[in-house]
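Participant: I have a structure I would like to understand better, so I am pasting it below and will then ask my questions one at a time.
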Amino acid sequence: MSRFAAKVALVTGGISGIGAAVSRQLHAEGARVLVLSNAPQAELDEAAAGGTIAAARQVDIADADAVARAVAAMTAQTGPIDILVNNAAIWAPNPVPESPLSLFDRHIDVNLKGSFYVTHAVLPAMLAKRAGSIIFIGSVSGIAGRAGDSAYSASKAGVAMLARTLAAELGAKGIRINCVCPGSVATPLTAGLRTPEGEQAIAALMKDHPSPRGAFFMDPAQMAEVVCFLADPRSSAIHGAVVIADEGLTATM
């Protein structure tokens with residue numbers, strides 16, 4: 001039997017990048033996958049028509065009320081969520097002091113507060129059945145920091161601590177919570193870095209990068225493997241962990 005058979009999974013940002021890879025793998029292993037995304041509804045409907053996603057709704061996860069309505073509407077059709085993957089995020093460089101304050105606020109609103117809002121909407125049903133797995137997607141930028149990325153790095157550091165704090169609070173109530181912190185992954189979020197102009201900078205970084213593959217950017221499928229491992233009850237010993245999945249990048253920082 002597939003390890004996620006009869007499970008309902010919600011993946012935020014689940015039609016591109018890491019989220020899409022997670023959605024595909026959860027579906028392949030038996031889960032019924034729901035998606036929240038800020039993509040146009042027509043694009044979400046097209047993704048759902050492909051069969052991997054059971055239902056998808058357009059929502060700005062920084063809007064707590066909209067999130068609650070969307071989760072309620074979808075779970076009315078599928079039943080309660082067993083697995084939540086808080087993946088949706090934004091990223092834009094914000095060198096200070098020239099970047100607008102609104103850019104910092106937006107990163108906190110989406111990456112940190114949005115992850116909390118989705119978790120808040122899903123938790124009552126998980127608590128009622130005393131079971132559930134929640135995986136937050138952080139970033140190595142929230143662990144090591146990076147010049148010009150104060151907004152993204154601060155928001156992702158907050159995501160990791162949110163996961164650890166909720167794990168301490170909710171573990172005894174049957175909810176297992178962890179955070180995955182990817183390194184550089186080839187996604188639409190990093191497309192601006194994967195350009196001819198960026199090759200020199202990437203080459204300089206690769207001098208010290210201990211990647212077993214000899215490549216700077218990882219495949220989203222690698223992150224999906226980690227996420228699905230943490231969602232699997234067989235990883236039950238792992239709770240409240242911040243798992244760095246970067247092929248050794250931060251080992252050299």
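Each chain in the structure tokens gets a letter, A, B, ..., in the order shown, and its residues are numbered from 1; ligands are numbered from 1 in order too.
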Considering only C-alpha atoms, return as a list in words whatever protein or nucleic-acid residues lie within 12 Å of A:Gln25, sequence-local ones (same chain, fewer than 5 positions apart) excluded.
Facilitator: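 Listing them by chain and then by number gives Ser2, Arg3, Phe4, Ala9, Val11, Gly14, Ile18, Gly19, Ala20, Gly30, Ala31, Arg32, Val33, Thr52, Ile53, Pro220, Ala221, Gln222, Met223, Ala224, Glu225, Val226, Val227, Cys228, Phe229 and Ala231 of chain A.
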Participant: Would you please extract all helix (DSSP H, G or I) residues from stretch 7-205 of chain A, as assigned by DSSP on the backbone, and give them as number ranges by chain?
Facilitator: A: 17-28, 41-49, 64-78, 101-129, 141-144, 150-173, 188-190, 196-205
Participant: Those same residues, written as a CSV table (one decimal), in the first residue's frame with C-alpha atoms?
Facilitator:
chain,number,residue,atom,x,y,z
A,17,GLY,CA,9.2,24.8,-7.8
A,18,ILE,CA,9.5,22.8,-4.6
A,19,GLY,CA,5.8,22.9,-4.0
A,20,ALA,CA,5.1,21.3,-7.3
A,21,ALA,CA,7.6,18.5,-6.7
A,22,VAL,CA,6.1,17.9,-3.3
A,23,SER,CA,2.6,17.8,-4.7
A,24,ARG,CA,3.7,15.3,-7.4
A,25,GLN,CA,5.4,12.9,-4.9
A,26,LEU,CA,2.6,13.0,-2.4
A,27,HIS,CA,0.1,12.2,-5.1
A,28,ALA,CA,2.3,9.4,-6.5
A,41,GLN,CA,-7.3,30.5,-10.7
A,42,ALA,CA,-7.3,29.5,-14.4
A,43,GLU,CA,-3.7,28.3,-14.0
A,44,LEU,CA,-4.7,26.4,-10.8
A,45,ASP,CA,-7.6,24.8,-12.6
A,46,GLU,CA,-5.3,23.7,-15.4
A,47,ALA,CA,-2.9,22.2,-12.9
A,48,ALA,CA,-5.8,20.4,-11.1
A,49,ALA,CA,-7.0,19.0,-14.5
A,64,ALA,CA,-5.9,35.2,7.4
A,65,ASP,CA,-9.7,35.3,6.7
A,66,ALA,CA,-9.2,34.3,3.0
A,67,VAL,CA,-7.0,31.4,4.1
A,68,ALA,CA,-9.6,30.2,6.7
A,69,ARG,CA,-12.4,30.3,4.1
A,70,ALA,CA,-10.4,28.4,1.5
A,71,VAL,CA,-9.3,25.7,3.9
A,72,ALA,CA,-12.9,25.3,5.1
A,73,ALA,CA,-14.3,25.1,1.6
A,74,MET,CA,-11.8,22.5,0.4
A,75,THR,CA,-11.9,20.3,3.5
A,76,ALA,CA,-15.7,20.2,3.3
A,77,GLN,CA,-15.2,18.2,0.1
A,78,THR,CA,-12.2,16.0,1.1
A,101,LEU,CA,9.8,49.3,4.0
A,102,SER,CA,6.9,47.8,2.3
A,103,LEU,CA,9.2,45.1,0.8
A,104,PHE,CA,10.3,44.0,4.2
A,105,ASP,CA,6.7,44.0,5.4
A,106,ARG,CA,5.5,41.9,2.5
A,107,HIS,CA,8.2,39.2,3.2
A,108,ILE,CA,7.1,38.9,6.8
A,109,ASP,CA,3.4,38.9,5.8
A,110,VAL,CA,3.7,36.1,3.3
A,111,ASN,CA,6.6,34.0,4.4
A,112,LEU,CA,6.1,34.1,8.2
A,113,LYS,CA,2.6,35.3,9.0
A,114,GLY,CA,1.1,33.4,6.0
A,115,SER,CA,2.6,30.1,7.2
A,116,PHE,CA,1.1,30.7,10.6
A,117,TYR,CA,-2.3,31.6,9.2
A,118,VAL,CA,-2.5,28.4,7.1
A,119,THR,CA,-1.3,26.3,10.1
A,120,HIS,CA,-3.9,28.1,12.3
A,121,ALA,CA,-6.7,27.2,9.8
A,122,VAL,CA,-5.6,23.5,9.6
A,123,LEU,CA,-4.9,22.8,13.3
A,124,PRO,CA,-8.4,22.5,14.8
A,125,ALA,CA,-9.2,19.3,12.7
A,126,MET,CA,-5.7,17.9,13.5
A,127,LEU,CA,-6.2,18.5,17.2
A,128,ALA,CA,-9.6,16.9,17.1
A,129,LYS,CA,-8.2,13.6,15.8
A,141,SER,CA,19.3,32.1,4.4
A,142,GLY,CA,17.4,32.0,7.6
A,143,ILE,CA,20.3,30.2,9.3
A,144,ALA,CA,23.4,31.8,7.9
A,150,SER,CA,17.4,40.9,5.3
A,151,ALA,CA,13.7,40.6,4.6
A,152,TYR,CA,13.8,37.0,3.3
A,153,SER,CA,16.4,35.8,5.8
A,154,ALA,CA,14.6,37.3,8.8
A,155,SER,CA,11.2,35.8,7.6
A,156,LYS,CA,12.8,32.4,7.1
A,157,ALA,CA,14.5,32.5,10.4
A,158,GLY,CA,11.1,33.2,11.9
A,159,VAL,CA,9.6,30.2,10.0
A,160,ALA,CA,12.2,27.9,11.6
A,161,MET,CA,11.5,29.2,15.1
A,162,LEU,CA,7.8,29.1,14.5
A,163,ALA,CA,8.1,25.4,13.6
A,164,ARG,CA,10.2,24.6,16.7
A,165,THR,CA,7.9,26.6,19.0
A,166,LEU,CA,4.7,24.9,17.7
A,167,ALA,CA,6.4,21.5,18.0
A,168,ALA,CA,7.1,22.2,21.6
A,169,GLU,CA,3.5,23.2,22.1
A,170,LEU,CA,1.6,20.7,20.0
A,171,GLY,CA,3.7,17.5,20.1
A,172,ALA,CA,1.9,16.1,23.1
A,173,LYS,CA,-1.4,16.7,21.3
A,188,PRO,CA,11.2,30.0,-10.5
A,189,LEU,CA,12.2,31.9,-7.3
A,190,THR,CA,15.9,31.5,-8.1
A,196,PRO,CA,24.8,34.1,-17.8
A,197,GLU,CA,25.4,37.2,-15.6
A,198,GLY,CA,25.2,35.0,-12.5
A,199,GLU,CA,27.6,32.3,-13.8
A,200,GLN,CA,30.7,34.0,-12.5
A,201,ALA,CA,29.3,34.4,-9.0
A,202,ILE,CA,28.0,30.8,-8.9
A,203,ALA,CA,31.4,29.6,-10.1
A,204,ALA,CA,33.1,31.4,-7.2
A,205,LEU,CA,30.7,29.9,-4.7
Participant: Assign secondary structure with DSSP using the backbone only, and return the residues of stretch 109-191 of chain A in strand (DSSP E or B) as a list in words.
Facilitator: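 Everything in stretch 109-191 of chain A that counts as strand (DSSP E or B) is Gly132, Ser133, Ile134, Ile135, Phe136, Ile137, Ile175, Arg176, Ile177, Asn178, Cys179, Val180, Cys181, Pro182 and Val185 of chain A.
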Participant: I'd like the contact shell of A:Ala56 - 6 Å cut-off, only C-alpha atoms, skipping same-chain residues fewer than 3 positions apart - returned as a PyMOL selection string.
Facilitator: chain A and resi 34-36+44
Participant: Please provide the set of residues having any atom within 6 Å of A:Ile177, restricted to only C-alpha atoms, with same-chain residues fewer than 6 positions apart removed, written as number ranges by chain.
Facilitator: A: 133-135, 167, 239-240
Participant: Quick one: pull the distance between atom CA of A:Met218 and atom CA of A:Ser184, Å, one decimal.
Facilitator: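 Here the two named atoms are 6.2 Å from each other.
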Participant: Measuring atom to atom with only C-alpha atoms, identify which of A:Gly148, A:Pro40, A:Gly138, A:Pro97 is nearest to A:Ala241.
Facilitator: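 Closest to A:Ala241 of all the choices is A:Gly138.
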Participant: Set the distance at 6 Å and use only C-alpha atoms: which residues neighbour A:Asn86 once local chain neighbours fewer than 3 positions away are removed? I'd like the list as an NGL selection string.
Facilitator: :A and (12 or 115 or 136-137)
Participant: Would you save the residues from that selection as an mmCIF file, in the first residue's frame, using C-alpha atoms?
Facilitator:
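Okay, this is what ended up in part-v2.cif:
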data_model
loop_
_atom_site.group_PDB
_atom_site.id
_atom_site.type_symbol
_atom_site.label_atom_id
_atom_site.label_comp_id
_atom_site.auth_asym_id
_atom_site.auth_seq_id
_atom_site.Cartn_x
_atom_site.Cartn_y
_atom_site.Cartn_z
ATOM 1 C CA THR A 12 0.902 25.971 -0.245
ATOM 2 C CA SER A 115 2.636 30.137 7.191
ATOM 3 C CA PHE A 136 7.520 24.190 7.147
ATOM 4 C CA ILE A 137 9.887 25.156 4.339
#
Participant: Take atom CA of A:Leu230 and atom CA of A:Asn178 and report the distance between them in Å, one decimal.
Facilitator: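 Taking atom CA of A:Leu230 and atom CA of A:Asn178, their separation equals 7.4 Å.
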